[in-house]
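Below is one structure, written out as structure tokens, with a few remarks after it.
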Amino acid sequence: MKAVGVFPGKRTVELVSFDEPNITSPEQVKIRVLQVGVCGTDREICDFEYGTPPEGSEYLVLGHESLGEVVEGGSTGFKPGDLVVPSVRRPCTHADCVACRAGRQDFCYSGDFTERGIRSQHGFMTEFVVEAAEFLSLVPPELRDVGILVEPLTIAEKTLMQIQVIQQRLPWGLTPGGGAPPRGCHRALVLGAGPVGLLGAMALVNGGYDTYIYSRSRTPNIKADLAESFGARYISSQEMTVAQLAAKMGNIDVVYEALGASQLAFEVAQVLGANGIFVFTGVPKHGDPITIDTDLLMRNMVLKNQVIVGTVNAGHNAFEAAIDDLKTFNRRWPKALRALITGRYPIEAFREPIFARSGIKNVLVMEAK
Ligand SMILES: NC(=O)c1ccc[n+]([C@@H]2O[C@H](COP(=O)([O-])OP(=O)(O)OC[C@H]3O[C@@H](n4cnc5c(N)ncnc54)[C@H](OP(=O)(O)O)[C@@H]3O)[C@@H](O)[C@H]2O)c1
Ligand SMILES: [Zn+2]
Ligand SMILES: [Zn+2]
């Protein structure tokens, strides 16, 4: 069967071929891969900036965002035909890593976790994979054409859960479900209108936040139109300064950063509102140092009770929440949800979605024979 293999040693990315895997224990599930999403991490791996093949292998099979169909479920309870999404991160083996021992490898202490398609474990850009049932989430059939968005949505879901936990410090709650505030009374600002930002904005609108997106491209553009179609307000950083944005929004309760650009992120951190929470999800490339007003940031954090927090990857609960939210998005905004997937490519054309930076979310559609 075919797979996309990254060879860091010889610096090539090629279609490789190897035998179909088979179940070797009753806890495993054999899956036919249906679709694999492409993101910036895949691009970095194919530029040989990141990514590690499994021990003993010359290449790494790429792909960490996937949707598959069960072909053999062993004694796991998964049945042939079930749609599933696997998580990405796998636990480290250290006995004293309480996070991994608790199944929360997204909070791994040792840093020795592995990740499918990224770090020391083959990924999903292939025809069949075998996976332990504990790392799978069941996706309902109505999400077959959009289920590939589950993994990128988990970043927002983990963020929302973190906000809910952290903002319990406020005696009146902040997030919907947390108590008194009516829907729309809290303002969220999403930085960046890529797939992570747009999915985050959908989750925030759905969670009852008055949601703004601040991103580079001038209006009109397709991402702005899409954002407006599900109830978020899009503002271009080329058309409005951060100060003007802050004046327009009023108290900014939540910032969901999905830019991967630190300069703008820290500029916005300076206008975070009273009791606000700023969540970083972006992973910037290391560039030249920038100057920021640390006195202002520190004064604001103290005098306005602010929180700045980072979040990476996601636990099983965020996958389950993403599937639940996708069901809701599918009912509320079926057109907008589908408009997030802008390109579908066969495995042979894998270079196009990886290297051509166009559209929003591009996917490989696997055709297992
Ligand atoms: N924490 C995690 O677990 C996790 C997981 C996956 C990804 N990530 C990170 O999340 C971030 C977003 O991912 P993505 O796939 O959505 O990325 P993306 O497709 O590159 O989107 C980034 C968005 O930010 C905007 N942008 C970038 N630099 C800007 C600047 N200087 N000023 C204004 N706007 C700017 C871009 O605007 P234009 O469209 O106008 O160019 C684009 O809309 C990345 O840094 C990625 O590494 C984190
Ligand atoms: Zn990704
Ligand atoms: Zn660990």
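In the structure tokens, chains take the letters A, B, ... in the order shown, each chain's residues start at 1, and ligands count up from 1 in the order shown.
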
Residues near range 94-104 of chain A, cut-off 10 Å, only C-alpha atoms, skip fewer than 2 positions along chain, as a PyMOL selection string: chain A and resi 89-92+106-113+134-135+314-317

Ala247 in chain A environment, 12 Å, only C-alpha atoms, sequence neighbours closer than 5 positions dropped, as a VMD selection string: chain A and resid 240 to 242 252 271 to 273

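Distances to ligand 3 were evaluated for A:Asp293, A:Glu115, A:Glu267, A:Asp324 using only C-alpha atoms and all ligand atoms, and the minimum falls at A:Glu115.
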
Residue contacts of Asn330 in chain A (12 Å, only C-alpha atoms) excluding same-chain residues fewer than 4 positions away, as a count of residues only: 22

When the cut-off is 6 Å and you count only C-alpha atoms and all ligand atoms, which residues lie near ligand 1, shown as a PDB file with C-alpha atoms, in the first residue's frame?
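New file pocket05.pdb:
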ATOM      1  CA  CYS A  39      -1.431  21.840   7.950  1.00  0.00           C
ATOM      2  CA  GLY A  40       1.618  24.002   8.615  1.00  0.00           C
ATOM      3  CA  ILE A 155      -7.244  22.969  19.725  1.00  0.00           C
ATOM      4  CA  GLY A 192      -5.686  34.735  12.687  1.00  0.00           C
ATOM      5  CA  ALA A 193      -8.172  33.437  10.146  1.00  0.00           C
ATOM      6  CA  GLY A 194      -6.501  30.161   9.226  1.00  0.00           C
ATOM      7  CA  PRO A 195      -8.266  26.854   9.962  1.00  0.00           C
ATOM      8  CA  VAL A 196      -7.302  26.989  13.651  1.00  0.00           C
ATOM      9  CA  GLY A 197      -8.630  30.547  14.000  1.00  0.00           C
ATOM     10  CA  SER A 215      -6.222  38.851  10.718  1.00  0.00           C
ATOM     11  CA  ARG A 216      -3.956  40.163   7.998  1.00  0.00           C
ATOM     12  CA  SER A 217      -5.873  39.961   4.706  1.00  0.00           C
ATOM     13  CA  SER A 237      -5.009  44.293  10.700  1.00  0.00           C
ATOM     14  CA  ALA A 258      -4.035  31.414  16.208  1.00  0.00           C
ATOM     15  CA  LEU A 259      -1.510  33.465  14.256  1.00  0.00           C
ATOM     16  CA  GLY A 260       1.870  32.010  15.047  1.00  0.00           C
ATOM     17  CA  ALA A 261       3.192  35.605  14.872  1.00  0.00           C
ATOM     18  CA  LEU A 264       1.044  41.173  16.778  1.00  0.00           C
ATOM     19  CA  THR A 281      -1.938  28.380  20.452  1.00  0.00           C
ATOM     20  CA  GLY A 282       0.494  29.532  17.749  1.00  0.00           C
ATOM     21  CA  VAL A 283       3.978  28.133  17.335  1.00  0.00           C
ATOM     22  CA  PRO A 284       6.079  30.933  15.810  1.00  0.00           C
ATOM     23  CA  THR A 311      -2.116  25.237  25.148  1.00  0.00           C
ATOM     24  CA  VAL A 312      -0.895  22.393  22.965  1.00  0.00           C
ATOM     25  CA  ASN A 313      -2.437  19.314  21.430  1.00  0.00           C
TER      26      ASN A 313
END

Excluding His186 in chain A and its own-chain neighbours fewer than 5 positions away, which residues fall within 7 Å of it when counting only C-alpha atoms? Please give them as JSON, numbers by chain. {"A": [209, 210, 253]}

Residues just named, written with all heavy atoms as an mmCIF file, in the first residue's frame:
data_model
loop_
_atom_site.group_PDB
_atom_site.id
_atom_site.type_symbol
_atom_site.label_atom_id
_atom_site.label_comp_id
_atom_site.auth_asym_id
_atom_site.auth_seq_id
_atom_site.Cartn_x
_atom_site.Cartn_y
_atom_site.Cartn_z
ATOM 1 N N TYR A 209 -20.127 33.671 22.786
ATOM 2 C CA TYR A 209 -19.292 34.877 22.816
ATOM 3 C C TYR A 209 -19.604 35.795 21.636
ATOM 4 O O TYR A 209 -19.850 35.323 20.521
ATOM 5 C CB TYR A 209 -17.804 34.504 22.721
ATOM 6 C CG TYR A 209 -17.241 33.852 23.953
ATOM 7 C CD1 TYR A 209 -17.358 32.475 24.139
ATOM 8 C CD2 TYR A 209 -16.588 34.604 24.923
ATOM 9 C CE1 TYR A 209 -16.829 31.866 25.270
ATOM 10 C CE2 TYR A 209 -16.061 34.003 26.046
ATOM 11 C CZ TYR A 209 -16.187 32.634 26.222
ATOM 12 O OH TYR A 209 -15.669 32.043 27.329
ATOM 13 N N ASP A 210 -19.526 37.077 21.892
ATOM 14 C CA ASP A 210 -19.542 38.082 20.827
ATOM 15 C C ASP A 210 -18.127 38.013 20.240
ATOM 16 O O ASP A 210 -17.166 38.409 20.901
ATOM 17 C CB ASP A 210 -19.831 39.440 21.483
ATOM 18 C CG ASP A 210 -20.060 40.518 20.461
ATOM 19 O OD1 ASP A 210 -20.126 40.196 19.265
ATOM 20 O OD2 ASP A 210 -20.167 41.691 20.872
ATOM 21 N N ASP A 253 -12.595 40.032 26.786
ATOM 22 C CA ASP A 253 -12.584 39.011 27.839
ATOM 23 C C ASP A 253 -11.683 37.839 27.518
ATOM 24 O O ASP A 253 -11.103 37.229 28.405
ATOM 25 C CB ASP A 253 -14.019 38.504 28.067
ATOM 26 C CG ASP A 253 -14.938 39.617 28.526
ATOM 27 O OD1 ASP A 253 -14.815 40.034 29.687
ATOM 28 O OD2 ASP A 253 -15.731 40.102 27.702
#

Between A:Ser229, A:Ile166, A:Gln270, A:Thr114, which is the closest to ligand 3 once you count only C-alpha atoms and all ligand atoms?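 For ligand 3, the nearest of the candidates is A:Thr114.
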
Selection as a VMD selection string: residues within 10 Å of ligand 2 by only C-alpha atoms and all ligand atoms: chain A and resid 36 to 43 63 to 66 88 117 to 118 149 151 to 153 155 195 to 196 313 361

One residue among A:Pro80, A:Val13, A:Thr159, A:Thr93 is nearest to ligand 3 when using only C-alpha atoms and all ligand atoms, and that residue is A:Thr93

So which bits of range 118-353 of chain A end up helix (DSSP H, G or I) when you DSSP the backbone, as an NGL selection string? :A and (133-135 or 141-143 or 147-169 or 195-206 or 222-229 or 242-249 or 262-269 or 294-303 or 316-332 or 334-339 or 347-349 or 351-353)

Name the residues of range 119-215 of chain A that come out as strand (DSSP E) in a backbone DSSP run; write them as a ChimeraX atom specification. /A:120-121,128-132,136-139,187-191,210-215

Just want the 12 Å neighbourhood of Pro353 in chain A, counted on only C-alpha atoms, with same-chain residues fewer than 2 positions away dropped. Output as an NGL selection string. :A and (36-40 or 42-43 or 46 or 341-351 or 355-365)

Using Å and a single decimal, report how far CA of Asp82 in chain A sits from CA of Arg116 in chain A.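 Going from CA of Arg116 in chain A over to CA of Asp82 in chain A, I get 20.9 Å.
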
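Going from CA of Gly123 in chain A over to CA of Leu60 in chain A, you cover 7.4 Å.
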
Find, counting only C-alpha atoms and all ligand atoms, the residue in A:Ser120, A:Gln105, A:Thr211, A:Gln35 that gets nearest to ligand 3.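 Of the candidates, the smallest distance to ligand 3 is held by A:Gln105.
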